[in-house]
Amino acid sequence: MTIVKMQHVMSNEISKRSFLSRPPEPPSSILLNDPLNSIYIGNTKIFKIPFAWNFDNVTNPHIAVVGITGAGKSYFVKTFLIRANYIWDTNAVIIDWASEYKSWVKQSGGTIISLGKGDYLNILDLAGMKPLDRVKQIIGAFEILTDISSYPEQRRLTEEALEQSYANFGFNIAERPPENKDAPTLKDVIALLQEQLQSGGYEYPAELENAIYRLRQFARPGEDFFSRKSTLNISKLATSGMVDIDLSGLSDDTFRALATLFILQTLKEKMRFEGFSETKGIKTFVVLDEAWKVASDDRSDAITIVREGRKYQFGLLVATQNPTDINEAIYSNVGTNFILRIKFEKFLDYIQGSLNFSSFIRSEISNFGVGQAAVDMSFTTSMKFPEVFVLDKIKGEEPLYIYTISLSDILTQAEVSANILPKDYQFEADELKNKLINYNVSGDSINTIFTKLNSQNRSMNMSDFVKLLYANNLSINDIVSLLKSMSIEDILITRIISTSGVKNG
Ligand SMILES: Nc1ncnc2c1ncn2[C@@H]1O[C@H](COP(=O)(O)OP(=O)(O)O)[C@@H](O)[C@H]1O
Ligand SMILES: [Mg+2]
């Protein structure tokens with residue numbers, strides 16, 4: 001009897017205490033998910049619980065990733081997509097603004113579409129859509145990207161010419177067309193407006209001239225990326241494994257945004273039309289990394305995908321260094337936020353205001369090293385636990401490339417012939433990256449170091465390597481300790497440091 005009473009008192013005590021100071025992380029029942037149905041991200045900072053993401057207990061599958069340049073956003077996205085593909089067979093359409101994903105997608109066996117460098121997109125292509133819907137979308141994109149909404153008459157003329165061009169090509173503009181029927185291009189639309197101008201029958205020729213001028217921006221020789229026959233099958237984008245849409249070959253942000261808006265609408269239509277089929281996980285992730293107006297404008301289809309994605313198993317993954325670039329309707333509605341290092345107070349204010357975390361978490365975020373992240377999830381359960389927790393580090397996966405540092409510049413001829421000392425040292429990218437992160441090297445510096453190594457076929461002389469580390473803010477002490485951790489003998493280390501000519505102070 002006494003014991004029971006005692007227990008009763010104790011558990012009462014405990015629940016009281018946990019009410020006063022809530023446990024700092026969600027319970028493991030929430031963090032640990034079925035490994036065959038979730039994506040491992042990393043271990044939590046306090047209790048070291050392996051956190052595997054799925055969206056069963058979250059309001060929706062969409063994800064936002066924010067953090068300064070070099071914080072580790074793209075690395076996270078790659079890790080996430082690879083595992084999602086492995087676990088759920090998830091497809092990905094990556095809108096690759098600055099060509100950051102291209103080589104990785106290539107290595108992973110995905111498809112690269114290089115717009116402006118050999119690949120073209122006819123923005124009048126239908127991919128099974130009704131011409132009227134495409135016309136609305138094109139006008140919508142012009143409204144976001146040009147001044148057309150200030151000129152209603154030009155808007156009307158453009159819309160009519162678009163519709164007429166489809167009709168001239170034998171389409172019924174209110175019906176879904178047969179597959180593979182050739183669509184007109186912007187050049188046909190421009191030609192129609194020009195005929196109208198030349199026939200002289202129209203009352204306000206200046207309006208016609210300006211409408212033509214606006215469309216010509218997208219059809220000039222050399223910049224006619226959107227007014228030629230498409231070189232890709234846009235109907236299949238969402239179901240083709242990993243697809244990288246490399247936009248770096250387009251000459252400005254307006255062109256990149258136009259391509260993105262076109263692709264988003266096509267994906268949205270596919271998503272709605274193909275409807276719901278019961279499969280595990282997410283069918284397709286649409287990735288926007290630094291996508292400018294495309295994620296911020298109220299009229300962007302990124303918002304439609306966020307609103308309706310869950311029921312179609314479509315996820316949006318947005319990554320940006322500037323959280324205020326993400327439309328409020330997206331930011332406050334994504335189920336999961338990954339917050340990597342952020343420095344600017346105004347961005348911290350914005351995120352803290354919208355996600356409501358403690359000043360403790362805020363100060364952690366501003367001091368994060370590369371790959372560290374706070375995670376905020378909008379859980380649907382009524383259980384009470386903190387929605388924001390900190391990950392020790394995103395545990396990534398990079399293709400296993402071997403890097404070689406050669407000692408040929410350090411060893412004497414005699415030592416080489418004697419064959420006692422190793423002639424080179426080898427390591428994997430992640431191994432070195434993690435070491436650099438432990439020495440507080442910034443993500444930008446890590447990128448600089450690897451860009452250099454990669455440009456030399458992943459091999460380098462030891463003294464050049466040491467100079468490169470030194471130029472990227474590793475102190476001599478750090479370099480020495482790094483070389484020791486590669487199990488290089490002390491006598492050699494002394495020689496390496498003096499040969500490379502780096503000096504303290
Ligand atoms: N979690 C991590 N583990 C190991 N290396 C990482 C991690 N996150 C980022 N890196 C490395 O740091 C550098 C910068 O990361 P990156 O993803 O390009 O940053 P961002 O996209 O935020 O600018 C890259 O070389 C990347 O491979
Ligand atoms: Mg990046």
# chains A, B, ... in the order shown; residues from 1 in each chain; ligands from 1

call {"tool": "select_by_dssp", "arguments": {"residues": "segment 297-437 of chain A", "states": "alpha helix (DSSP H)", "output": "PyMOL selection string"}}
result
chain A and resi 301-312+328-331+345-355+359-366+413-418+429-437

call {"tool": "residues_near_ligand", "arguments": {"ligand": "ligand 1", "cutoff": "7 Å", "atoms": "only C-alpha atoms and all ligand atoms", "output": "list in words"}}
result
Gly67, Ile68, Thr69, Gly70, Ala71, Gly72, Lys73, Ser74, Tyr75, Phe76, Val370, Gly371, Gln372, Lys393, Ile394, Lys395, Gly396, Asp430, Lys433, Asn434, Gly443, Asp444, Ile446, Asn447 and Phe450 of chain A

call {"tool": "write_last_selection", "arguments": {"atoms": "N, CA and C atoms", "output": "CSV table (one decimal), in the first residue's frame"}}
result
chain,number,residue,atom,x,y,z
A,67,GLY,N,19.2,29.3,-44.4
A,67,GLY,CA,20.6,29.4,-43.8
A,67,GLY,C,21.5,30.2,-44.7
A,68,ILE,N,22.5,30.8,-44.2
A,68,ILE,CA,23.4,31.6,-45.0
A,68,ILE,C,24.2,30.8,-46.0
A,69,THR,N,24.8,31.4,-47.0
A,69,THR,CA,25.6,30.7,-48.0
A,69,THR,C,26.6,29.9,-47.2
A,70,GLY,N,26.8,28.6,-47.6
A,70,GLY,CA,27.8,27.8,-47.0
A,70,GLY,C,27.3,27.1,-45.7
A,71,ALA,N,26.1,27.4,-45.3
A,71,ALA,CA,25.6,26.7,-44.1
A,71,ALA,C,25.3,25.2,-44.3
A,72,GLY,N,25.1,24.8,-45.5
A,72,GLY,CA,24.9,23.4,-45.8
A,72,GLY,C,23.5,23.1,-46.4
A,73,LYS,N,22.8,24.1,-47.0
A,73,LYS,CA,21.5,23.8,-47.5
A,73,LYS,C,21.5,22.8,-48.7
A,74,SER,N,22.3,23.1,-49.7
A,74,SER,CA,22.3,22.2,-50.8
A,74,SER,C,22.8,20.8,-50.5
A,75,TYR,N,23.7,20.7,-49.6
A,75,TYR,CA,24.2,19.4,-49.1
A,75,TYR,C,23.0,18.6,-48.4
A,76,PHE,N,22.2,19.3,-47.6
A,76,PHE,CA,21.1,18.7,-47.0
A,76,PHE,C,20.1,18.2,-48.1
A,370,VAL,N,28.8,24.5,-39.9
A,370,VAL,CA,28.2,23.9,-41.1
A,370,VAL,C,27.5,22.6,-40.8
A,371,GLY,N,26.3,22.5,-41.4
A,371,GLY,CA,25.5,21.2,-41.2
A,371,GLY,C,24.7,21.1,-40.0
A,372,GLN,N,24.8,22.1,-39.0
A,372,GLN,CA,24.0,22.0,-37.9
A,372,GLN,C,22.6,22.6,-38.2
A,393,LYS,N,24.2,17.4,-36.2
A,393,LYS,CA,24.7,17.7,-37.5
A,393,LYS,C,23.9,16.8,-38.5
A,394,ILE,N,23.7,17.4,-39.7
A,394,ILE,CA,23.0,16.6,-40.8
A,394,ILE,C,24.1,15.6,-41.2
A,395,LYS,N,23.7,14.3,-41.1
A,395,LYS,CA,24.6,13.3,-41.5
A,395,LYS,C,24.4,13.0,-43.0
A,396,GLY,N,25.3,13.5,-43.8
A,396,GLY,CA,25.0,13.4,-45.2
A,396,GLY,C,25.7,12.2,-45.9
A,430,ASP,N,33.7,13.3,-47.5
A,430,ASP,CA,33.0,13.6,-46.3
A,430,ASP,C,33.9,13.5,-45.0
A,433,LYS,N,35.7,16.8,-45.1
A,433,LYS,CA,34.7,17.9,-44.8
A,433,LYS,C,34.4,17.9,-43.3
A,434,ASN,N,34.1,16.7,-42.7
A,434,ASN,CA,33.8,16.7,-41.3
A,434,ASN,C,34.9,17.2,-40.4
A,443,GLY,N,31.5,27.0,-44.5
A,443,GLY,CA,31.0,26.2,-45.7
A,443,GLY,C,31.6,26.8,-47.0
A,444,ASP,N,31.7,28.1,-47.1
A,444,ASP,CA,32.3,28.8,-48.3
A,444,ASP,C,33.7,28.3,-48.5
A,446,ILE,N,35.1,25.6,-47.3
A,446,ILE,CA,35.0,24.1,-47.7
A,446,ILE,C,34.8,24.0,-49.2
A,447,ASN,N,33.8,24.8,-49.7
A,447,ASN,CA,33.5,24.8,-51.1
A,447,ASN,C,34.7,25.2,-51.9
A,450,PHE,N,37.3,22.3,-52.0
A,450,PHE,CA,36.9,21.2,-52.9
A,450,PHE,C,36.8,21.6,-54.4

call {"tool": "closest_residue", "arguments": {"among": "A:Ala319, A:Leu391, A:Leu492, A:Leu126", "to": "ligand 2", "atoms": "only C-alpha atoms and all ligand atoms"}}
result
A:Ala319

call {"tool": "residues_around", "arguments": {"residues": "segment 175-181 of chain A", "least_positions_apart": "4", "cutoff": "7 Å", "atoms": "only C-alpha atoms", "output": "PDB file with N, CA and C atoms, in the first residue's frame"}}
result
ATOM      1  N   GLY A 128      -0.605  17.968 -72.525  1.00  0.00           N
ATOM      2  CA  GLY A 128      -1.927  17.437 -72.202  1.00  0.00           C
ATOM      3  C   GLY A 128      -2.905  18.459 -71.626  1.00  0.00           C
ATOM      4  N   MET A 129      -2.421  19.687 -71.397  1.00  0.00           N
ATOM      5  CA  MET A 129      -3.310  20.709 -70.828  1.00  0.00           C
ATOM      6  C   MET A 129      -4.208  21.336 -71.886  1.00  0.00           C
ATOM      7  N   LYS A 130      -5.329  21.919 -71.428  1.00  0.00           N
ATOM      8  CA  LYS A 130      -6.162  22.696 -72.350  1.00  0.00           C
ATOM      9  C   LYS A 130      -5.428  23.967 -72.724  1.00  0.00           C
ATOM     10  N   PHE A 171      -6.140  23.506 -82.716  1.00  0.00           N
ATOM     11  CA  PHE A 171      -6.543  23.082 -81.372  1.00  0.00           C
ATOM     12  C   PHE A 171      -7.925  23.626 -81.054  1.00  0.00           C
TER      13      PHE A 171
END

call {"tool": "atom_distance", "arguments": {"atom1": "atom CA of Thr320 of chain A", "atom2": "atom CA of Ser235 of chain A"}}
result
27.7 Å

call {"tool": "closest_residue", "arguments": {"among": "A:Ile123, A:Ala183, A:Leu288, A:Ala161", "to": "ligand 2", "atoms": "only C-alpha atoms and all ligand atoms"}}
result
A:Leu288

call {"tool": "residues_around", "arguments": {"residues": "Ala92 of chain A", "least_positions_apart": "3", "cutoff": "9 Å", "atoms": "only C-alpha atoms", "output": "PyMOL selection string"}}
result
chain A and resi 81+85+237-244+283-287

call {"tool": "closest_residue", "arguments": {"among": "A:Ile493, A:Ala191, A:Ile234, A:Ile63", "to": "Val306 of chain A", "atoms": "only C-alpha atoms"}}
result
A:Ile63

call {"tool": "residues_around", "arguments": {"residues": "Leu124 of chain A", "least_positions_apart": "5", "cutoff": "9 Å", "atoms": "only C-alpha atoms", "output": "VMD selection string"}}
result
chain A and resid 131 134 to 135 138 162 166 183 to 186 226 to 227

call {"tool": "atom_distance", "arguments": {"atom1": "atom CA of Pro386 of chain A", "atom2": "atom CA of Ile330 of chain A"}}
result
21.9 Å

call {"tool": "closest_residue", "arguments": {"among": "A:Leu157, A:Lys229, A:Ala141, A:Tyr312", "to": "Asp182 of chain A", "atoms": "only C-alpha atoms"}}
result
A:Lys229

call {"tool": "closest_residue", "arguments": {"among": "A:Asn322, A:Asn367, A:Gln194, A:Thr412", "to": "Arg495 of chain A", "atoms": "only C-alpha atoms"}}
result
A:Thr412

call {"tool": "residues_around", "arguments": {"residues": "Leu421 of chain A", "least_positions_apart": "3", "cutoff": "12 Å", "atoms": "only C-alpha atoms", "output": "list of chain:residue names"}}
result
A:Ser406, A:Leu407, A:Ser408, A:Ile410, A:Leu411, A:Thr412, A:Gln413, A:Ala414, A:Glu415, A:Val416, A:Ser417, A:Ala418, A:Asp424, A:Tyr425, A:Ser487, A:Ile488, A:Glu489, A:Ile491, A:Leu492
